[in-house]
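Before any comments, here is the structure.
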Amino acid sequence: MSQISTPQIESKINRYSLNAVARHQVGAIFVAGLVFLGAGTLNWTWGWVFGVVYFLCWLVVSAALWRYNPELLTVRGKSTSQLSGGKWWDWVLLTLYTLVFIGQPFVAGLDFRYRWSAPSEPIIYILGNLLMLAAYFLLAWSMVVNRNFEAIVRIQEDRVHRVITSGPYRFVRHPGYVSVILSFVALPIALGTWTALIPGLIGIVVFVIRTALEDRSLQAELPGYADYAHQTRSRLLPGVW
């Protein structure tokens with residue numbers, strides 16, 4: 001998401017903060033549930049390993065925001081209908097993302113049920129789960145330093161939207177999106193269900209498009225962002241794009 005300066009408003013934990021934490025953890029349980037729903041069984045060791053790791057990933061995000069950026073936790077606990085100025089194209093992309101978010105773990109479960117993918121070596125599953133942890137560490141880091149990491153793309157004039165270059169934003173302009181893309185790749189590896197890469201690739205395309213459109217909007221509408229983009233050349237992958 002877009003970057004900004006030091007927090008200046010709500011910094012105390014409140015009901016919206018608790019709502020955001022609940023959304024994170026319920027969402028993690030929901031994804032694990034989709035995996036087992038597709039599998040048609042609970043007798044899947046690596047499915048349980050993934051479910052626990054994925055839950056811990058969101059627990060780390062929640063704990064990091066609770067400790068270092070409670071203001072963002074509060075904002076993300078509110079309904080997106082309470083936020084004005086969202087881009088029309090972002091709602092389309094978020095709808096597609098929601099379909100991928102639901103579809104990928106379910107397809108992974110179906111893959112396990114019907115044995116579409118051959119069993120992998122344990123090291124493959126382990127590497128996939130480690131990649132998932134790395135993706136969510138990057139997401140937590142991005143959110144901690146960026147109090148404007150909202151769920152929708154908009155110029156946040158009501159929240160003092162400013163450009164900064166700290167944390168992972170020193171290396172790429174959209175590190176939060178890098179983390180999401182990594183998670184699309186990590187899930188099929190962690191579960192050894194390679195057909196789940198198909199919806200994952202769709203998700204990657206969605207976020208590449210979102211990155212391009214958001215970056216163009218920020219350069220046109222957010223003061224100082226064009227200079228930041230000139231200094232930090234890469235949107236997602238250093239030295240490539």
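Following the order of the structure tokens, first chain is A, next is B, and so on, with residues numbered from 1 inside each chain and ligands from 1 in the order they appear.
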
Which residues, written as a PyMOL selection string, have at least one atom at most 8 Å from A:Ile189, with only C-alpha atoms counted and residues fewer than 6 positions away on the same chain left out?
chain A and resi 124-125+127-129

Excluding same-chain residues fewer than 4 positions from stretch 43-46 of chain A, what lies within 8 Å of it counting only C-alpha atoms, as a ChimeraX atom specification?
/A:50,125,190-191

Could you pull out the alpha helix (DSSP H) residues of stretch 95-211 of chain A, going by DSSP on the backbone, and write them as a VMD selection string?
chain A and resid 95 to 114 122 to 145 175 to 191 197 to 211

Using only C-alpha atoms, which of A:Trp66, A:Trp89, A:Tyr169, A:Tyr54 sits nearest A:Ser183?
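When distances to A:Ser183 are compared using only C-alpha atoms, the smallest one comes from A:Tyr54.
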
From A:Phe137, A:Gln104, A:Gly51, A:Leu222, residue lying nearest A:Ala63 [only C-alpha atoms]
A:Phe137

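Near A:Leu182, within 8 Å and counting only C-alpha atoms, sit Leu131, Met132 and Ala135 of chain A, not including residues fewer than 6 positions from it in the same chain.
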
I need the chosen residues saved as a short mmCIF file (atom, residue, chain, number, x, y, z; two decimals), in the first residue's frame, with N, CA and C atoms.
data_model
loop_
_atom_site.label_atom_id
_atom_site.label_comp_id
_atom_site.auth_asym_id
_atom_site.auth_seq_id
_atom_site.Cartn_x
_atom_site.Cartn_y
_atom_site.Cartn_z
N LEU A 131 8.21 -20.24 3.67
CA LEU A 131 7.94 -19.14 2.75
C LEU A 131 6.69 -18.37 3.19
N MET A 132 5.68 -19.08 3.69
CA MET A 132 4.48 -18.42 4.19
C MET A 132 4.81 -17.54 5.40
N ALA A 135 6.53 -14.46 4.13
CA ALA A 135 5.58 -13.55 3.49
C ALA A 135 4.85 -12.71 4.53
#

Separation of atom CA of A:Ala140 from atom CA of A:Phe101, in Å and rounded to one decimal:
18.6 Å

Near A:Gly47, within 9 Å and counting only C-alpha atoms, which residues show up once chain neighbours fewer than 5 positions away are dropped, as JSON, numbers by chain?
{"A": [32, 35, 36, 42, 52, 109, 190, 191]}

May I have the residues from that selection written out with N, CA and C atoms, as a CSV table (one decimal), in the first residue's frame?
chain,number,residue,atom,x,y,z
A,32,ALA,N,-8.2,-22.3,6.6
A,32,ALA,CA,-7.9,-23.7,6.9
A,32,ALA,C,-9.1,-24.6,6.8
A,35,VAL,N,-9.5,-25.5,3.2
A,35,VAL,CA,-8.6,-26.6,2.8
A,35,VAL,C,-9.1,-27.9,3.1
A,36,PHE,N,-9.6,-28.1,4.4
A,36,PHE,CA,-10.2,-29.4,4.8
A,36,PHE,C,-11.5,-29.7,4.1
A,42,LEU,N,-10.3,-34.7,7.7
A,42,LEU,CA,-9.4,-34.0,8.6
A,42,LEU,C,-8.1,-34.8,8.7
A,52,VAL,N,-2.0,-24.4,11.2
A,52,VAL,CA,-1.4,-23.9,12.4
A,52,VAL,C,-0.4,-22.7,12.0
A,109,GLY,N,-7.4,-28.3,-1.3
A,109,GLY,CA,-8.0,-29.5,-0.7
A,109,GLY,C,-8.5,-30.5,-1.7
A,190,ALA,N,3.4,-25.4,0.5
A,190,ALA,CA,3.2,-25.9,1.9
A,190,ALA,C,2.3,-27.1,2.0
A,191,LEU,N,1.4,-27.2,1.0
A,191,LEU,CA,0.4,-28.3,1.0
A,191,LEU,C,0.7,-29.4,0.0

Between A:His161, A:Tyr228, A:Ser79, A:Val185, which is the closest to A:Ile198 once you count only C-alpha atoms?
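For A:Ile198, the nearest of the candidates is A:Val185.
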
Contacts of A:Pro175 at 10 Å or less, counting only C-alpha atoms, minus same-chain residues fewer than 5 places along, as number ranges by chain?
A: 1-2, 135, 138-139, 141-143, 167-170, 180-181, 235-237

Give me a file of those residues, with N, CA and C atoms, as a short mmCIF file (atom, residue, chain, number, x, y, z; two decimals), in the first residue's frame.
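Dumped to selection34.cif:
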data_model
loop_
_atom_site.label_atom_id
_atom_site.label_comp_id
_atom_site.auth_asym_id
_atom_site.auth_seq_id
_atom_site.Cartn_x
_atom_site.Cartn_y
_atom_site.Cartn_z
N MET A 1 0.85 -1.19 0.00
CA MET A 1 0.00 0.00 0.00
C MET A 1 0.89 1.25 0.00
N SER A 2 0.23 2.42 -0.05
CA SER A 2 0.97 3.65 -0.05
C SER A 2 1.59 3.95 1.31
N ALA A 135 6.53 -14.46 4.13
CA ALA A 135 5.58 -13.55 3.49
C ALA A 135 4.85 -12.71 4.53
N LEU A 138 7.01 -10.10 6.26
CA LEU A 138 7.11 -8.91 5.41
C LEU A 138 5.84 -8.08 5.49
N LEU A 139 4.68 -8.74 5.51
CA LEU A 139 3.41 -8.02 5.63
C LEU A 139 3.34 -7.25 6.95
N TRP A 141 5.83 -6.24 8.84
CA TRP A 141 6.82 -5.15 8.79
C TRP A 141 6.27 -3.97 8.00
N SER A 142 5.66 -4.26 6.85
CA SER A 142 5.10 -3.20 6.01
C SER A 142 4.00 -2.44 6.75
N MET A 143 3.15 -3.17 7.47
CA MET A 143 2.05 -2.53 8.19
C MET A 143 2.54 -1.73 9.39
N GLY A 167 11.75 1.27 6.53
CA GLY A 167 11.39 -0.15 6.52
C GLY A 167 11.57 -0.78 5.16
N PRO A 168 10.68 -1.69 4.77
CA PRO A 168 10.82 -2.37 3.48
C PRO A 168 10.58 -1.46 2.30
N TYR A 169 10.01 -0.26 2.55
CA TYR A 169 9.78 0.69 1.47
C TYR A 169 11.07 1.29 0.95
N ARG A 170 12.18 1.01 1.61
CA ARG A 170 13.49 1.42 1.08
C ARG A 170 13.86 0.61 -0.14
N VAL A 180 1.79 -10.57 -0.33
CA VAL A 180 0.59 -11.27 -0.79
C VAL A 180 0.93 -12.22 -1.93
N ILE A 181 1.75 -11.75 -2.86
CA ILE A 181 2.17 -12.58 -3.99
C ILE A 181 2.95 -13.80 -3.50
N ARG A 235 8.84 -1.42 -8.16
CA ARG A 235 7.51 -1.50 -7.56
C ARG A 235 7.40 -2.76 -6.69
N LEU A 236 7.77 -3.92 -7.27
CA LEU A 236 7.63 -5.19 -6.57
C LEU A 236 8.92 -5.98 -6.48
N LEU A 237 9.68 -6.04 -7.57
CA LEU A 237 10.87 -6.89 -7.61
C LEU A 237 12.10 -6.05 -7.94
#
